[in-house]
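Student: Structure file upload-v4.cif (mmCIF, C-alpha atoms) right here:
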data_data
#
loop_
_atom_site.group_PDB
_atom_site.id
_atom_site.type_symbol
_atom_site.label_atom_id
_atom_site.label_comp_id
_atom_site.auth_asym_id
_atom_site.auth_seq_id
_atom_site.Cartn_x
_atom_site.Cartn_y
_atom_site.Cartn_z
ATOM 1 C CA MET K 2 -49.753 41.373 -5.184
ATOM 2 C CA LYS K 3 -51.443 44.651 -6.163
ATOM 3 C CA ASN K 4 -48.343 45.642 -8.182
ATOM 4 C CA LYS K 5 -48.315 42.265 -9.955
ATOM 5 C CA THR K 6 -52.026 42.608 -10.844
ATOM 6 C CA MET K 7 -51.414 46.105 -12.232
ATOM 7 C CA LYS K 8 -48.502 44.864 -14.364
ATOM 8 C CA MET K 9 -50.658 42.039 -15.710
ATOM 9 C CA ALA K 10 -53.481 44.477 -16.578
ATOM 10 C CA VAL K 11 -51.038 46.778 -18.395
ATOM 11 C CA ALA K 12 -49.568 43.810 -20.279
ATOM 12 C CA LEU K 13 -53.056 42.680 -21.362
ATOM 13 C CA LEU K 14 -53.947 46.212 -22.470
ATOM 14 C CA LEU K 15 -50.735 46.497 -24.506
ATOM 15 C CA ALA K 16 -51.373 43.101 -26.087
ATOM 16 C CA ALA K 17 -54.917 44.148 -27.037
ATOM 17 C CA MET K 18 -53.614 47.412 -28.509
ATOM 18 C CA ALA K 19 -50.990 45.507 -30.507
ATOM 19 C CA GLY K 20 -53.723 43.250 -31.909
ATOM 20 C CA LEU K 21 -55.757 46.283 -32.944
ATOM 21 C CA ALA K 22 -52.755 47.917 -34.574
ATOM 22 C CA SER K 23 -51.911 44.752 -36.466
ATOM 23 C CA CYS K 24 -55.365 44.734 -38.076
ATOM 24 C CA THR K 25 -55.804 48.443 -38.709
ATOM 25 C CA LYS K 26 -52.466 50.134 -39.369
ATOM 26 C CA LEU K 27 -52.633 52.948 -41.881
ATOM 27 C CA VAL K 28 -50.479 52.710 -44.964
ATOM 28 C CA ASP K 29 -48.942 55.566 -46.907
ATOM 29 C CA GLY K 30 -50.297 55.352 -50.445
ATOM 30 C CA ASN K 31 -47.099 56.802 -51.895
ATOM 31 C CA ASP K 32 -44.559 54.169 -50.764
ATOM 32 C CA GLY K 33 -43.568 50.842 -52.248
ATOM 33 C CA ASN K 34 -45.279 51.097 -55.610
ATOM 34 C CA ASP K 35 -43.770 49.074 -58.452
ATOM 35 C CA GLY K 36 -44.749 51.708 -61.030
ATOM 36 C CA ASN K 37 -47.369 49.555 -62.788
ATOM 37 C CA VAL K 38 -50.304 51.069 -60.923
ATOM 38 C CA THR K 39 -50.494 54.491 -59.326
ATOM 39 C CA PRO K 40 -51.399 53.906 -55.673
ATOM 40 C CA PRO K 41 -54.252 56.007 -54.335
ATOM 41 C CA THR K 42 -53.519 59.230 -52.502
ATOM 42 C CA ASN K 43 -56.659 58.654 -50.421
ATOM 43 C CA VAL K 44 -55.827 55.526 -48.416
ATOM 44 C CA GLU K 45 -58.281 56.127 -45.631
ATOM 45 C CA GLY K 46 -59.895 52.735 -45.322
ATOM 46 C CA SER K 47 -63.446 54.176 -45.647
ATOM 47 C CA ILE K 48 -65.071 52.840 -48.801
ATOM 48 C CA ASP K 49 -68.783 52.720 -49.646
ATOM 49 C CA GLY K 50 -69.819 53.589 -46.083
ATOM 50 C CA LEU K 51 -67.612 51.002 -44.352
ATOM 51 C CA ILE K 52 -64.257 51.443 -42.682
ATOM 52 C CA TRP K 53 -61.870 48.736 -43.859
ATOM 53 C CA ALA K 54 -58.778 47.856 -41.872
ATOM 54 C CA THR K 55 -55.856 48.909 -44.019
ATOM 55 C CA SER K 56 -53.808 45.794 -43.280
ATOM 56 C CA ASN K 57 -54.559 42.140 -42.722
ATOM 57 C CA CYS K 58 -55.161 40.892 -39.208
ATOM 58 C CA GLY K 59 -51.915 39.784 -37.592
ATOM 59 C CA ALA K 60 -49.702 41.956 -39.818
ATOM 60 C CA THR K 61 -46.296 42.887 -38.367
ATOM 61 C CA SER K 62 -43.150 44.400 -39.847
ATOM 62 C CA SER K 63 -41.684 40.907 -40.232
ATOM 63 C CA ARG K 64 -44.986 39.428 -41.505
ATOM 64 C CA PRO K 65 -46.681 42.264 -43.480
ATOM 65 C CA GLU K 66 -49.151 39.891 -45.111
ATOM 66 C CA GLY K 67 -50.654 39.058 -41.700
ATOM 67 C CA LYS K 68 -51.559 35.822 -39.984
ATOM 68 C CA TYR K 69 -53.309 32.857 -41.586
ATOM 69 C CA TYR K 70 -56.537 31.943 -39.751
ATOM 70 C CA SER K 71 -58.314 28.586 -39.705
ATOM 71 C CA ALA K 72 -62.102 28.212 -39.822
ATOM 72 C CA ASP K 73 -62.006 27.730 -36.036
ATOM 73 C CA GLU K 74 -60.074 30.981 -35.431
ATOM 74 C CA PHE K 75 -61.136 33.724 -37.819
ATOM 75 C CA MET K 76 -64.588 34.620 -36.420
ATOM 76 C CA THR K 77 -63.014 35.819 -33.144
ATOM 77 C CA ALA K 78 -59.822 37.376 -34.551
ATOM 78 C CA CYS K 79 -60.990 40.955 -35.190
ATOM 79 C CA PRO K 80 -60.305 43.450 -32.390
ATOM 80 C CA SER K 81 -63.107 45.006 -30.349
ATOM 81 C CA GLY K 82 -65.302 47.267 -32.486
ATOM 82 C CA TRP K 83 -64.302 45.454 -35.693
ATOM 83 C CA ARG K 84 -65.844 42.377 -37.324
ATOM 84 C CA VAL K 85 -65.409 39.875 -40.134
ATOM 85 C CA PRO K 86 -66.978 41.212 -43.361
ATOM 86 C CA THR K 87 -69.896 39.494 -45.068
ATOM 87 C CA SER K 88 -69.502 38.064 -48.556
ATOM 88 C CA ALA K 89 -71.767 40.873 -49.867
ATOM 89 C CA GLU K 90 -69.400 43.473 -48.386
ATOM 90 C CA LEU K 91 -66.356 41.763 -49.935
ATOM 91 C CA ARG K 92 -68.184 41.492 -53.269
ATOM 92 C CA SER K 93 -69.039 45.218 -53.153
ATOM 93 C CA LEU K 94 -65.466 46.196 -52.171
ATOM 94 C CA SER K 95 -63.976 44.136 -55.011
ATOM 95 C CA ALA K 96 -66.327 45.556 -57.695
ATOM 96 C CA HIS K 97 -63.455 47.740 -58.929
ATOM 97 C CA SER K 98 -59.757 47.067 -58.580
ATOM 98 C CA SER K 99 -56.364 48.203 -59.793
ATOM 99 C CA GLY K 100 -55.482 44.907 -61.365
ATOM 100 C CA PHE K 101 -52.650 42.786 -60.012
ATOM 101 C CA THR K 102 -49.694 44.890 -58.857
ATOM 102 C CA THR K 103 -46.933 45.127 -56.251
ATOM 103 C CA TYR K 104 -47.167 47.485 -53.289
ATOM 104 C CA ASP K 105 -44.674 47.712 -50.442
ATOM 105 C CA GLY K 106 -43.050 44.452 -51.574
ATOM 106 C CA LEU K 107 -46.338 42.518 -51.669
ATOM 107 C CA LYS K 108 -48.275 41.456 -54.758
ATOM 108 C CA GLY K 109 -52.025 41.956 -54.774
ATOM 109 C CA ASN K 110 -54.874 44.299 -55.716
ATOM 110 C CA TRP K 111 -56.078 47.747 -54.673
ATOM 111 C CA LEU K 112 -59.859 47.475 -54.161
ATOM 112 C CA SER K 113 -62.009 50.601 -54.498
ATOM 113 C CA GLY K 114 -65.605 49.402 -54.181
ATOM 114 C CA LYS K 115 -68.308 51.113 -56.250
ATOM 115 C CA LYS K 116 -65.926 53.746 -57.668
ATOM 116 C CA ALA K 117 -63.669 52.873 -60.572
ATOM 117 C CA TYR K 118 -60.094 52.533 -59.340
ATOM 118 C CA SER K 119 -57.886 55.611 -59.789
ATOM 119 C CA SER K 120 -55.140 57.308 -57.839
ATOM 120 C CA SER K 121 -57.754 59.698 -56.384
ATOM 121 C CA SER K 122 -60.268 57.009 -55.304
ATOM 122 C CA PRO K 123 -60.335 55.666 -51.763
ATOM 123 C CA ALA K 124 -58.890 52.162 -51.958
ATOM 124 C CA VAL K 125 -57.393 49.484 -49.751
ATOM 125 C CA PHE K 126 -54.640 47.021 -50.726
ATOM 126 C CA PHE K 127 -55.283 43.279 -50.383
ATOM 127 C CA PRO K 128 -52.086 41.223 -50.714
ATOM 128 C CA ALA K 129 -51.995 37.890 -52.524
ATOM 129 C CA ALA K 130 -50.555 36.129 -49.497
ATOM 130 C CA GLY K 131 -51.448 32.596 -50.520
ATOM 131 C CA TYR K 132 -52.998 30.169 -48.058
ATOM 132 C CA LYS K 133 -51.870 27.440 -45.688
ATOM 133 C CA GLU K 134 -52.929 23.855 -46.101
ATOM 134 C CA SER K 135 -54.021 21.942 -42.991
ATOM 135 C CA SER K 136 -50.460 20.546 -42.865
ATOM 136 C CA GLY K 137 -49.148 24.128 -42.506
ATOM 137 C CA THR K 138 -47.635 24.206 -46.015
ATOM 138 C CA LEU K 139 -47.852 27.687 -47.560
ATOM 139 C CA ARG K 140 -49.245 27.676 -51.114
ATOM 140 C CA LEU K 141 -49.521 30.278 -53.896
ATOM 141 C CA LYS K 142 -47.998 33.219 -52.006
ATOM 142 C CA GLY K 143 -47.558 36.103 -54.428
ATOM 143 C CA SER K 144 -50.059 34.774 -56.954
ATOM 144 C CA MET K 145 -53.290 34.292 -54.963
ATOM 145 C CA GLY K 146 -54.908 35.429 -51.746
ATOM 146 C CA ILE K 147 -58.006 34.070 -50.026
ATOM 147 C CA TYR K 148 -59.953 36.145 -47.470
ATOM 148 C CA TRP K 149 -62.597 34.882 -45.043
ATOM 149 C CA SER K 150 -66.140 36.242 -44.933
ATOM 150 C CA SER K 151 -68.659 35.661 -42.146
ATOM 151 C CA THR K 152 -71.202 34.308 -44.659
ATOM 152 C CA LYS K 153 -71.789 30.577 -44.410
ATOM 153 C CA ASP K 154 -74.284 28.641 -46.498
ATOM 154 C CA GLY K 155 -73.042 25.084 -46.136
ATOM 155 C CA ALA K 156 -69.442 26.317 -46.520
ATOM 156 C CA TYR K 157 -67.936 29.742 -45.863
ATOM 157 C CA GLU K 158 -67.770 32.191 -48.725
ATOM 158 C CA VAL K 159 -64.356 33.753 -49.378
ATOM 159 C CA LEU K 160 -62.802 36.471 -51.536
ATOM 160 C CA TYR K 161 -60.236 35.266 -54.052
ATOM 161 C CA ILE K 162 -57.482 37.672 -55.185
ATOM 162 C CA GLY K 163 -55.360 36.355 -58.023
ATOM 163 C CA ALA K 164 -52.820 37.249 -60.669
ATOM 164 C CA GLU K 165 -54.800 35.524 -63.420
ATOM 165 C CA SER K 166 -58.309 36.909 -62.794
ATOM 166 C CA ALA K 167 -60.318 39.751 -61.288
ATOM 167 C CA PRO K 168 -61.124 39.497 -57.558
ATOM 168 C CA GLU K 169 -64.233 37.410 -56.929
ATOM 169 C CA VAL K 170 -66.246 35.920 -54.079
ATOM 170 C CA GLY K 171 -66.826 32.173 -54.108
ATOM 171 C CA VAL K 172 -67.336 29.170 -51.858
ATOM 172 C CA ASP K 173 -64.437 27.906 -49.756
ATOM 173 C CA GLN K 174 -63.296 24.580 -51.126
ATOM 174 C CA ASP K 175 -61.115 23.543 -48.167
ATOM 175 C CA GLU K 176 -62.269 24.468 -44.659
ATOM 176 C CA GLU K 177 -59.174 22.746 -43.269
ATOM 177 C CA ALA K 178 -56.977 25.455 -44.827
ATOM 178 C CA SER K 179 -56.030 28.789 -43.238
ATOM 179 C CA TYR K 180 -56.710 32.080 -45.016
ATOM 180 C CA GLN K 181 -56.213 35.831 -44.562
ATOM 181 C CA LEU K 182 -58.610 38.105 -42.704
ATOM 182 C CA ARG K 183 -59.431 41.783 -43.247
ATOM 183 C CA CYS K 184 -61.672 43.350 -40.592
ATOM 184 C CA VAL K 185 -64.336 46.003 -41.168
ATOM 185 C CA LYS K 186 -66.603 48.343 -39.181
ATOM 186 C CA LYS K 187 -69.323 50.909 -39.889
#
Spit out the file's structure as C-alpha coordinates when you get a sec.

Tutor:
Amino acid sequence: MKNKTMKMAVALLLAAMAGLASCTKLVDGNDGNDGNVTPPTNVEGSIDGLIWATSNCGATSSRPEGKYYSADEFMTACPSGWRVPTSAELRSLSAHSSGFTTYDGLKGNWLSGKKAYSSSSPAVFFPAAGYKESSGTLRLKGSMGIYWSSTKDGAYEVLYIGAESAPEVGVDQDEEASYQLRCVKK
(Lines of atoms letter the chains of each structure in order from A and count residues from 1; the text may use other names and numbers.)
(Lines give C-alpha, C1' and ligand atoms only; values in the text may rest on other atoms or scores of the structure.)
Protein backbone atom coordinates (compact mmCIF):
# COMPACT_ATOMS: atom_id res chain seq x y z
CA MET A 1 0.00 0.00 0.00
CA LYS A 2 2.81 2.40 0.93
CA ASN A 3 4.57 1.62 -2.37
CA LYS A 4 1.36 2.24 -4.33
CA THR A 5 0.84 5.60 -2.57
CA MET A 6 4.42 6.62 -3.37
CA LYS A 7 3.98 5.70 -7.05
CA MET A 8 0.77 7.73 -7.20
CA ALA A 9 2.49 10.76 -5.61
CA VAL A 10 5.36 10.53 -8.11
CA ALA A 11 2.89 10.23 -10.99
CA LEU A 12 1.00 13.32 -9.79
CA LEU A 13 4.25 15.27 -9.42
CA LEU A 14 5.36 14.30 -12.94
CA ALA A 15 1.96 15.28 -14.33
CA ALA A 16 2.17 18.67 -12.60
CA MET A 17 5.69 19.20 -13.94
CA ALA A 18 4.53 18.30 -17.45
CA GLY A 19 1.73 20.87 -17.17
CA LEU A 20 4.23 23.53 -16.10
CA ALA A 21 6.58 22.66 -18.94
CA SER A 22 3.77 22.79 -21.47
CA CYS A 23 2.98 26.39 -20.48
CA THR A 24 6.50 27.71 -20.01
CA LYS A 25 8.96 25.97 -22.32
CA LEU A 26 11.73 28.19 -23.59
CA VAL A 27 12.11 28.61 -27.31
CA ASP A 28 15.31 29.22 -29.23
CA GLY A 29 14.89 32.52 -31.06
CA ASN A 30 17.11 31.36 -33.92
CA ASP A 31 15.12 28.34 -35.17
CA GLY A 32 12.17 28.06 -37.51
CA ASN A 33 12.12 31.58 -38.90
CA ASP A 34 10.61 32.03 -42.35
CA GLY A 35 13.01 34.87 -43.19
CA ASN A 36 10.36 37.62 -43.23
CA VAL A 37 11.07 38.78 -39.69
CA THR A 38 14.29 38.40 -37.75
CA PRO A 39 13.39 36.56 -34.54
CA PRO A 40 14.71 38.10 -31.34
CA THR A 41 17.96 36.86 -29.85
CA ASN A 42 16.58 37.69 -26.40
CA VAL A 43 13.68 35.26 -25.99
CA GLU A 44 13.59 35.32 -22.23
CA GLY A 45 9.91 35.76 -21.58
CA SER A 46 10.47 38.81 -19.31
CA ILE A 47 8.89 41.88 -20.88
CA ASP A 48 7.92 45.14 -19.17
CA GLY A 49 8.40 43.68 -15.68
CA LEU A 50 6.36 40.51 -16.26
CA ILE A 51 7.53 37.01 -17.06
CA TRP A 52 5.51 35.61 -19.95
CA ALA A 53 5.32 31.89 -20.59
CA THR A 54 7.11 31.34 -23.87
CA SER A 55 4.55 28.85 -25.18
CA ASN A 56 0.81 28.46 -24.95
CA CYS A 57 -0.66 26.38 -22.15
CA GLY A 58 -1.02 22.76 -23.21
CA ALA A 59 1.69 22.95 -25.89
CA THR A 60 3.36 19.63 -26.81
CA SER A 61 5.62 18.54 -29.65
CA SER A 62 2.59 17.17 -31.50
CA ARG A 63 0.41 20.20 -30.62
CA PRO A 64 2.82 23.20 -30.51
CA GLU A 65 -0.02 25.71 -30.59
CA GLY A 66 -1.29 24.43 -27.22
CA LYS A 67 -4.70 23.45 -25.94
CA TYR A 68 -7.95 25.32 -26.57
CA TYR A 69 -9.66 26.34 -23.30
CA SER A 70 -13.34 27.08 -22.74
CA ALA A 71 -14.60 29.88 -20.49
CA ASP A 72 -15.17 27.23 -17.80
CA GLU A 73 -11.57 25.92 -17.98
CA PHE A 74 -9.09 28.71 -18.60
CA MET A 75 -9.08 30.46 -15.20
CA THR A 76 -7.65 27.33 -13.52
CA ALA A 77 -5.33 26.17 -16.33
CA CYS A 78 -2.12 28.01 -15.42
CA PRO A 79 0.38 26.05 -13.31
CA SER A 80 1.16 27.00 -9.71
CA GLY A 81 2.90 30.38 -9.51
CA TRP A 82 1.48 31.48 -12.88
CA ARG A 83 -1.82 33.21 -13.67
CA VAL A 84 -4.06 34.35 -16.51
CA PRO A 85 -3.03 37.85 -17.69
CA THR A 86 -5.33 40.84 -17.42
CA SER A 87 -6.52 42.63 -20.54
CA ALA A 88 -4.29 45.61 -19.58
CA GLU A 89 -1.25 43.30 -19.50
CA LEU A 90 -2.13 41.82 -22.91
CA ARG A 91 -2.72 45.32 -24.30
CA SER A 92 0.69 46.46 -22.99
CA LEU A 93 2.45 43.35 -24.35
CA SER A 94 0.90 43.80 -27.80
CA ALA A 95 1.80 47.53 -28.06
CA HIS A 96 4.65 46.58 -30.42
CA SER A 97 4.86 43.53 -32.64
CA SER A 98 6.81 42.02 -35.50
CA GLY A 99 3.87 41.89 -37.84
CA PHE A 100 2.44 38.59 -39.01
CA THR A 101 5.15 35.99 -39.64
CA THR A 102 5.95 32.28 -39.40
CA TYR A 103 8.09 30.86 -36.61
CA ASP A 104 8.81 27.19 -36.02
CA GLY A 105 6.07 26.23 -38.49
CA LEU A 106 3.41 28.40 -36.82
CA LYS A 107 2.02 31.69 -38.09
CA GLY A 108 1.62 34.54 -35.63
CA ASN A 109 3.24 37.62 -34.10
CA TRP A 110 6.27 38.36 -31.93
CA LEU A 111 5.09 40.75 -29.18
CA SER A 112 7.63 43.04 -27.50
CA GLY A 113 5.60 45.28 -25.19
CA LYS A 114 6.68 48.90 -24.71
CA LYS A 115 9.85 48.51 -26.82
CA ALA A 116 9.63 48.63 -30.59
CA TYR A 117 10.11 45.14 -32.00
CA SER A 118 13.64 44.31 -33.19
CA SER A 119 15.88 41.27 -33.17
CA SER A 120 17.53 42.60 -29.98
CA SER A 121 14.29 43.31 -28.06
CA PRO A 122 12.85 40.81 -25.60
CA ALA A 123 9.80 39.32 -27.30
CA VAL A 124 7.49 36.34 -27.09
CA PHE A 125 5.78 34.58 -30.01
CA PHE A 126 1.98 34.23 -30.02
CA PRO A 127 0.76 31.78 -32.68
CA ALA A 128 -2.40 32.38 -34.69
CA ALA A 129 -3.86 29.05 -33.66
CA GLY A 130 -7.47 29.82 -34.50
CA TYR A 131 -10.27 28.95 -32.10
CA LYS A 132 -12.73 26.13 -31.54
CA GLU A 133 -16.45 26.61 -31.82
CA SER A 134 -18.67 25.05 -29.14
CA SER A 135 -19.18 22.14 -31.56
CA GLY A 136 -15.40 21.50 -31.48
CA THR A 137 -14.85 22.72 -35.06
CA LEU A 138 -11.48 24.45 -35.45
CA ARG A 139 -11.70 27.82 -37.23
CA LEU A 140 -9.15 30.28 -38.67
CA LYS A 141 -6.00 28.37 -37.70
CA GLY A 142 -3.02 30.11 -39.27
CA SER A 143 -4.82 33.40 -39.81
CA MET A 144 -6.12 34.38 -36.35
CA GLY A 145 -5.50 33.62 -32.70
CA ILE A 146 -7.61 34.54 -29.69
CA TYR A 147 -6.14 34.61 -26.16
CA TRP A 148 -8.08 34.74 -22.88
CA SER A 149 -7.60 37.49 -20.30
CA SER A 150 -8.86 37.40 -16.71
CA THR A 151 -10.69 40.71 -17.22
CA LYS A 152 -14.46 40.39 -17.33
CA ASP A 153 -16.87 43.29 -17.66
CA GLY A 154 -20.04 41.58 -18.82
CA ALA A 155 -17.97 39.39 -21.18
CA TYR A 156 -14.31 38.39 -21.03
CA GLU A 157 -11.80 40.55 -22.83
CA VAL A 158 -9.45 38.72 -25.21
CA LEU A 159 -6.38 39.44 -27.33
CA TYR A 160 -6.85 39.03 -31.07
CA ILE A 161 -3.83 38.13 -33.24
CA GLY A 162 -4.51 38.25 -36.95
CA ALA A 163 -2.95 38.27 -40.39
CA GLU A 164 -5.01 41.27 -41.51
CA SER A 165 -4.52 43.65 -38.55
CA ALA A 166 -2.29 44.58 -35.63
CA PRO A 167 -2.85 42.66 -32.37
CA GLU A 168 -5.63 44.20 -30.29
CA VAL A 169 -7.65 43.56 -27.15
CA GLY A 170 -11.42 43.41 -27.47
CA VAL A 171 -14.53 41.82 -26.01
CA ASP A 172 -15.14 38.11 -26.50
CA GLN A 173 -18.05 37.65 -28.86
CA ASP A 174 -18.63 33.93 -28.21
CA GLU A 175 -18.12 32.61 -24.68
CA GLU A 176 -19.10 29.14 -25.92
CA ALA A 177 -15.90 28.99 -28.00
CA SER A 178 -12.49 27.77 -26.81
CA TYR A 179 -9.40 29.96 -27.11
CA GLN A 180 -5.65 29.89 -26.41
CA LEU A 181 -4.08 30.78 -23.08
CA ARG A 182 -0.68 32.32 -22.30
CA CYS A 183 0.22 32.46 -18.60
CA VAL A 184 2.18 35.21 -16.86
CA LYS A 185 3.85 35.93 -13.50
CA LYS A 186 5.72 38.80 -11.84

Student: Kindly give the distance, in Å, that separates CA of Gly114 (chain K) and CA of Ile48 (chain K), rounded to a single decimal.

Tutor: 6.4 Å

Student: Let me have the centre and edge lengths of the axis-aligned box enclosing all listed atoms of region 131-149 of chain K with 6 Å padding on every side, in Å to one decimal, as lines of an AutoDock Vina configuration file.

Tutor:
center_x = -55.1
center_y = 28.3
center_z = -49.7
size_x = 27.0
size_y = 27.6
size_z = 26.4

Student: For each of K:Thr102, K:Ser179, K:Ser120, K:Ser81, take the minimum atom-to-atom distance to Tyr148 (chain K), counting only C-alpha atoms, then give the residue where this is smallest.

Tutor: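 That would be K:Ser179, the residue with the smallest distance to Tyr148 (chain K).
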
Student: Between CA of Glu177 (chain K) and CA of Leu91 (chain K), measure the distance and give it in Å to one decimal.

Tutor: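 About the pair CA of Glu177 (chain K) and CA of Leu91 (chain K): they are 21.4 Å apart.
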
Student: Starting from the displayed file, determine the output of the PyMOL selection byres ((chain K and resi 50-52) around 10) and express the residue list as a list in words.

Tutor: Thr25, Glu45, Gly46, Ser47, Ile48, Asp49, Trp53, Ala54, Thr55, Trp83, Pro86, Glu90, Leu94, Cys184, Val185, Lys186 and Lys187 of chain K

Student: Go through K:Ser99, K:Ser150, K:Ser166, K:Ser63 and flag the residue nearest Thr87 (chain K), using all atoms listed in the file for the distances.

Tutor: K:Ser150

Student: Record the distance separating CA of Leu112 (chain K) and CA of Ala89 (chain K), expressed in Å with one decimal.

Tutor: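 So the two atoms, CA of Leu112 (chain K) and CA of Ala89 (chain K), lie 14.3 Å apart.
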
Student: Counting all atoms listed in the file, which residues sit no farther than 12 Å from the position (-63.0, 29.1, -34.6) in the file's frame? I'd like them as a PyMOL selection string.

Tutor: chain K and resi 70-78+149+151+176-177+179

Student: Kindly resolve the PyMOL selection byres ((chain K and resi 95) around 9) on the present coordinates and return the residues as number ranges by chain.

Tutor: K: 90-94, 96-98, 111-115, 160, 167-170

Student: Taking the point (-52.8, 38.2, -55.8) as given in the file, collect each protein or nucleic acid residue that comes within 6 Å of it, counting all atoms listed in the file, and present the set as number ranges by chain.

Tutor: K: 108-109, 128-129, 143-146, 162-164

Student: With only C-alpha atoms as the basis for distance, which of K:Ala60, K:Val159, K:Phe127, K:Ala178 is at the shortest distance from Phe101 (chain K)?

Tutor: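 Of all the options, K:Phe127 lies closest to Phe101 (chain K).
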
Student: With distances taken over all atoms listed in the file, which of K:Pro65, K:Gly155, K:Pro80, K:Gly59 is nearest to Phe126 (chain K)?

Tutor: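 Going through K:Pro65, K:Gly155, K:Pro80, K:Gly59 one by one, the smallest distance to Phe126 (chain K) is for K:Pro65.
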
Student: I'd like to know which of K:Val85, K:Glu165, K:Asp173, K:Ile147 is closest to Ala130 (chain K), using all atoms listed in the file.

Tutor: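 Counting all atoms listed in the file, the residue closest to Ala130 (chain K) is K:Ile147.
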